[in-house]
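What follows is final.cif (mmCIF, C-alpha atoms).
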```cif
data_coords
loop_
_atom_site.label_atom_id
_atom_site.label_comp_id
_atom_site.auth_asym_id
_atom_site.auth_seq_id
_atom_site.Cartn_x
_atom_site.Cartn_y
_atom_site.Cartn_z
CA MET A 16 176.43 -91.47 -202.60
CA ILE A 17 179.67 -89.50 -202.24
CA LEU A 18 177.74 -86.31 -201.53
CA VAL A 19 175.81 -88.06 -198.75
CA MET A 20 179.09 -89.35 -197.29
CA PHE A 21 180.64 -85.86 -197.25
CA LYS A 22 177.48 -84.42 -195.71
CA LYS A 23 177.55 -87.00 -192.90
CA LEU A 24 181.28 -86.47 -192.36
CA PHE A 25 180.70 -82.74 -192.16
CA ASN A 26 177.90 -83.24 -189.61
CA PHE A 27 180.19 -85.38 -187.42
CA TYR A 28 183.22 -83.12 -187.73
CA LYS A 29 181.74 -79.64 -188.17
CA ILE A 30 182.99 -78.21 -184.86
CA PRO A 31 186.49 -79.80 -185.06
CA LEU A 32 186.75 -78.60 -188.68
CA LEU A 33 185.64 -75.13 -187.64
CA ILE A 34 188.30 -75.13 -184.91
CA SER A 35 190.96 -76.27 -187.36
CA PHE A 36 190.07 -73.81 -190.10
CA THR A 37 189.84 -70.94 -187.61
CA LEU A 38 193.24 -71.93 -186.26
CA ALA A 39 194.62 -72.09 -189.82
CA MET A 40 193.34 -68.59 -190.58
CA VAL A 41 194.83 -67.26 -187.32
CA LEU A 42 198.17 -68.91 -188.08
CA ILE A 43 198.19 -67.54 -191.62
CA ALA A 44 197.43 -64.06 -190.28
CA ILE A 45 200.09 -64.27 -187.56
CA LYS A 46 202.71 -65.58 -189.97
CA VAL A 47 201.58 -63.05 -192.60
CA GLU A 48 201.97 -65.84 -195.11
CA ARG A 49 201.61 -64.68 -198.70
CA GLN A 50 202.91 -67.68 -200.60
CA VAL A 51 200.33 -70.20 -201.78
CA PHE A 52 202.58 -73.12 -200.80
CA GLY A 53 202.98 -71.82 -197.23
CA ILE A 54 199.24 -71.23 -196.88
CA THR A 55 198.55 -74.71 -198.24
CA LEU A 56 200.92 -76.29 -195.71
CA ILE A 57 199.26 -74.50 -192.80
CA VAL A 58 195.75 -75.45 -193.96
CA LEU A 59 196.81 -79.04 -194.66
CA GLY A 60 198.44 -79.39 -191.23
CA SER A 61 195.35 -78.01 -189.54
CA LEU A 62 193.07 -80.31 -191.53
CA ILE A 63 195.08 -83.44 -190.71
CA GLY A 64 195.09 -82.42 -187.05
CA THR A 65 191.30 -82.49 -187.07
CA PHE A 66 191.21 -86.24 -187.59
CA PHE A 67 194.36 -87.28 -185.72
CA LEU A 68 192.64 -88.02 -182.39
CA ASP A 69 190.38 -90.56 -184.11
CA LEU A 70 193.42 -92.77 -184.60
CA ASP A 71 192.74 -93.76 -181.01
CA TYR A 72 189.97 -96.07 -182.20
CA PHE A 73 192.30 -97.81 -184.63
CA ILE A 74 194.96 -98.18 -181.93
CA TRP A 75 192.27 -99.78 -179.77
CA ALA A 76 191.08 -102.06 -182.58
CA TYR A 77 194.47 -103.23 -183.81
CA PHE A 78 196.67 -103.20 -180.71
CA LEU A 79 194.85 -102.85 -177.38
CA GLU A 80 191.67 -104.92 -177.74
CA PRO A 81 191.64 -106.70 -181.11
CA THR A 82 189.18 -109.35 -179.88
CA SER A 83 186.35 -107.01 -178.88
CA ASP A 84 183.23 -106.68 -181.04
CA PHE A 85 183.98 -103.01 -181.66
CA SER A 86 187.47 -103.90 -182.92
CA LYS A 87 186.33 -106.75 -185.15
CA THR A 88 183.69 -104.59 -186.79
CA LEU A 89 186.07 -101.66 -187.28
CA VAL A 90 188.75 -103.92 -188.77
CA ALA A 91 186.18 -105.44 -191.16
CA TYR A 92 185.04 -101.99 -192.32
CA THR A 93 188.69 -100.95 -192.75
CA LYS A 94 189.52 -104.05 -194.82
CA HIS A 95 186.66 -103.25 -197.18
CA ALA A 96 187.53 -99.51 -197.25
CA ASP A 97 183.97 -98.70 -196.16
CA PHE A 98 184.76 -95.19 -194.92
CA MET A 99 181.19 -94.15 -194.19
CA ASN A 100 180.58 -97.15 -191.95
CA ILE A 101 183.95 -96.58 -190.25
CA VAL A 102 182.88 -93.04 -189.35
CA ASN A 103 179.40 -94.17 -188.30
CA HIS A 104 180.79 -97.02 -186.20
CA ILE A 105 183.26 -94.77 -184.41
CA TYR A 106 180.70 -92.03 -183.87
CA TYR A 107 177.98 -94.27 -182.45
CA HIS A 108 180.32 -96.33 -180.25
CA LYS A 109 182.77 -93.65 -179.13
CA ASN A 110 181.59 -93.71 -175.51
CA GLU A 111 181.85 -97.51 -175.20
CA LEU A 112 185.66 -97.52 -175.21
CA GLN A 113 187.39 -96.92 -171.92
CA GLU A 114 190.99 -95.90 -171.32
CA LYS A 115 191.63 -94.27 -174.67
CA THR A 116 195.27 -93.47 -175.38
CA LEU A 117 195.10 -90.28 -177.44
CA ASN A 118 191.96 -88.92 -175.81
CA SER A 119 193.39 -88.70 -172.32
CA VAL A 120 194.96 -86.29 -169.90
CA PHE A 121 198.45 -87.74 -170.32
CA PHE A 122 198.51 -87.37 -174.09
CA GLN A 123 197.08 -83.88 -173.70
CA ILE A 124 199.90 -82.88 -171.34
CA VAL A 125 202.41 -84.27 -173.84
CA LEU A 126 200.66 -82.28 -176.58
CA ALA A 127 200.85 -79.11 -174.52
CA ALA A 128 204.60 -79.54 -174.06
CA MET A 129 205.09 -80.56 -177.70
CA SER A 130 203.15 -77.57 -178.98
CA VAL A 131 205.40 -75.12 -177.14
CA ILE A 132 208.60 -76.98 -178.08
CA VAL A 133 207.73 -77.65 -181.73
CA VAL A 134 206.37 -74.19 -182.43
CA SER A 135 209.39 -72.51 -180.89
CA THR A 136 212.05 -74.73 -182.49
CA THR A 137 211.00 -75.86 -185.96
CA HIS A 138 210.59 -73.87 -189.15
CA TYR A 139 208.14 -76.25 -190.83
CA ASN A 140 204.69 -74.68 -190.92
CA LEU A 141 203.01 -78.01 -191.67
CA VAL A 142 204.31 -79.56 -188.45
CA LYS A 143 203.52 -76.47 -186.39
CA ALA A 144 199.95 -76.29 -187.71
CA LEU A 145 199.50 -80.04 -187.22
CA ILE A 146 200.56 -79.99 -183.57
CA LEU A 147 198.51 -76.88 -182.78
CA SER A 148 195.45 -78.32 -184.51
CA ILE A 149 195.72 -81.61 -182.63
CA PHE A 150 196.14 -79.71 -179.37
CA ALA A 151 193.17 -77.38 -180.05
CA ASN A 152 190.94 -80.32 -180.99
CA SER A 153 192.12 -82.19 -177.91
CA ILE A 154 190.97 -79.29 -175.74
CA TYR A 155 187.62 -79.34 -177.53
CA ARG A 156 187.25 -83.10 -176.98
CA MET A 157 188.07 -82.69 -173.29
CA PHE A 158 185.37 -80.04 -172.88
CA GLU A 159 182.99 -82.22 -174.88
CA CYS A 160 183.56 -85.00 -172.32
CA TYR A 161 183.10 -82.44 -169.55
CA PHE A 162 179.73 -81.27 -170.82
CA GLU A 163 178.56 -84.84 -171.47
CA GLY A 164 179.56 -85.81 -167.92
CA HIS A 165 182.27 -88.27 -169.03
CA THR A 166 185.32 -86.60 -167.48
CA ASN A 167 186.31 -89.87 -165.81
CA GLU A 168 186.98 -91.26 -169.31
CA TRP A 169 189.37 -88.39 -170.01
CA PHE A 170 191.16 -88.63 -166.67
CA TRP A 171 191.07 -92.45 -166.48
CA ALA A 172 194.76 -92.79 -165.66
CA LEU A 173 194.66 -90.54 -162.60
CA LYS A 174 194.06 -92.09 -159.22
CA ASN A 175 192.16 -89.06 -157.96
CA LYS A 176 189.85 -87.66 -160.63
CA PRO A 177 189.47 -83.87 -160.61
CA LYS A 178 186.17 -82.34 -159.64
CA ARG A 179 184.21 -80.18 -162.08
CA ASN A 180 185.93 -76.93 -161.12
CA GLY A 181 189.34 -78.67 -161.33
CA VAL A 182 188.55 -79.67 -164.91
CA VAL A 183 187.62 -76.08 -165.76
CA ILE A 184 190.85 -74.75 -164.25
CA TYR A 185 192.84 -77.41 -166.11
CA GLY A 186 191.04 -76.45 -169.35
CA CYS A 187 191.84 -72.76 -168.79
CA VAL A 188 195.52 -73.62 -168.33
CA LEU A 189 195.44 -75.60 -171.59
CA ILE A 190 193.81 -72.70 -173.42
CA PHE A 191 196.53 -70.40 -172.04
CA VAL A 192 199.22 -72.81 -173.33
CA LEU A 193 197.48 -72.91 -176.74
CA ILE A 194 197.38 -69.11 -176.95
CA PHE A 195 201.02 -68.92 -175.87
CA SER A 196 201.96 -71.46 -178.54
CA ILE A 197 200.03 -69.56 -181.20
CA ARG A 198 201.87 -66.38 -180.24
CA LEU A 199 205.16 -68.23 -180.66
CA PHE A 200 204.15 -69.26 -184.18
#
```
Translate this file's structure into structure tokens.
Amino acid sequence: MILVMFKKLFNFYKIPLLISFTLAMVLIAIKVERQVFGITLIVLGSLIGTFFLDLDYFIWAYFLEPTSDFSKTLVAYTKHADFMNIVNHIYYHKNELQEKTLNSVFFQIVLAAMSVIVVSTTHYNLVKALILSIFANSIYRMFECYFEGHTNEWFWALKNKPKRNGVVIYGCVLIFVLIFSIRLF
């Protein structure tokens, strides 16, 4: 049962996990970290960052729309600690939610600014890796929406939605900010 759950989780999160672990290896190499504790903090921060954007569904269920069917089902699964059904429910209904808080252009802009500021000012590798992992996975999620044709969901708060080439240019700027932040690490 547990093996099946981990296999399903891996299938849902294989690309975000790959992004996070690749980022962790790059950060370890850039930092030239040799201490096990430092390496563990970087890997742990990157791993937590993989799942951070999924908190959006819990924000939706508990604060924004607690009366919707999605929210009631998610809250019920959470009360019973049914993690596999939580993941399944989120995965199969992820496109039904509109106006997500964490999966949006505004949060992504805040993440871009935070990644530069946090990486350049703090000495805590866990926090640096966490912010960079969240930011990298946010870029991936934006491009996932782009390729699925759901860019309006990502840019829901903007009055004028960008066209396809505007989204690509915006994504390239975000990738540049990510690379700049990694270099600051």
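Residues matched by the PyMOL selection byres ((chain A and resi 66-69) around 7) in this file are A:Ile63, A:Gly64, A:Thr65, A:Leu70, A:Asp71, A:Tyr72, A:Leu117, A:Asn118, A:Ile149.
Considering only C-alpha atoms, the residue among A:Thr93, A:Asn175, A:Ser119, A:Ser196 positioned nearest to Val133 in chain A is A:Ser196.
Ranking A:Tyr155, A:Tyr139, A:Phe73, A:Phe36 by their shortest atom-to-atom distance to Val102 in chain A, with all atoms listed in the file included, puts A:Phe73 first.
With distances restricted to all atoms listed in the file, A:Ser135 is the closest residue to Leu147 in chain A from A:Asn103, A:Ser135, A:Asn110, A:Gln50.
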From A:Arg49, A:Glu159, A:Ile146, A:Met99, residue lying nearest Ile30 in chain A [all atoms listed in the file]: A:Glu159
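When only C-alpha atoms are used to measure the gap to Phe85 in chain A, the shortest distance among A:Ile105, A:Ala127, A:Ile54, A:Ile43 belongs to A:Ile105.
Between CA of Ser61 in chain A and CA of Phe162 in chain A lies a distance of 24.6 Å.
Among the candidate residues A:Phe200, A:Tyr106, A:Trp169, A:Phe195, the one lying nearest to Ala144 in chain A is A:Phe200, with distances computed using only C-alpha atoms.
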Using the chain letters and numbers from the file, which residues does the PyMOL selection byres ((chain A and resi 113) around 9) grab, as a short mmCIF file (atom, residue, chain, number, x, y, z; two decimals) with C-alpha atoms, in the coordinates of the input?
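The resulting expr.cif:
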```
data_model
loop_
_atom_site.label_atom_id
_atom_site.label_comp_id
_atom_site.auth_asym_id
_atom_site.auth_seq_id
_atom_site.Cartn_x
_atom_site.Cartn_y
_atom_site.Cartn_z
CA ASN A 110 181.59 -93.71 -175.51
CA GLU A 111 181.85 -97.51 -175.20
CA LEU A 112 185.66 -97.52 -175.21
CA GLU A 114 190.99 -95.90 -171.32
CA LYS A 115 191.63 -94.27 -174.67
CA GLU A 168 186.98 -91.26 -169.31
CA TRP A 169 189.37 -88.39 -170.01
CA TRP A 171 191.07 -92.45 -166.48
#
```
The distance between CA of Ile124 in chain A and CA of Val192 in chain A is 10.3 Å
Report as an MDAnalysis selection string the residues that result from applying the PyMOL selection byres ((chain A and resi 58) around 12) to the structure here. chainID A and resid 32:43 48 51:57 59:65 140:145 147:148
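CA of Lys46 in chain A is positioned 16.0 Å from CA of Leu193 in chain A.
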Could you name the residues that touch Lys23 in chain A at 12 Å or less, counting all atoms listed in the file, but leaving out those on the same chain fewer than 2 positions away, as a ChimeraX atom specification? /A:16-21,25-29,98-103,106
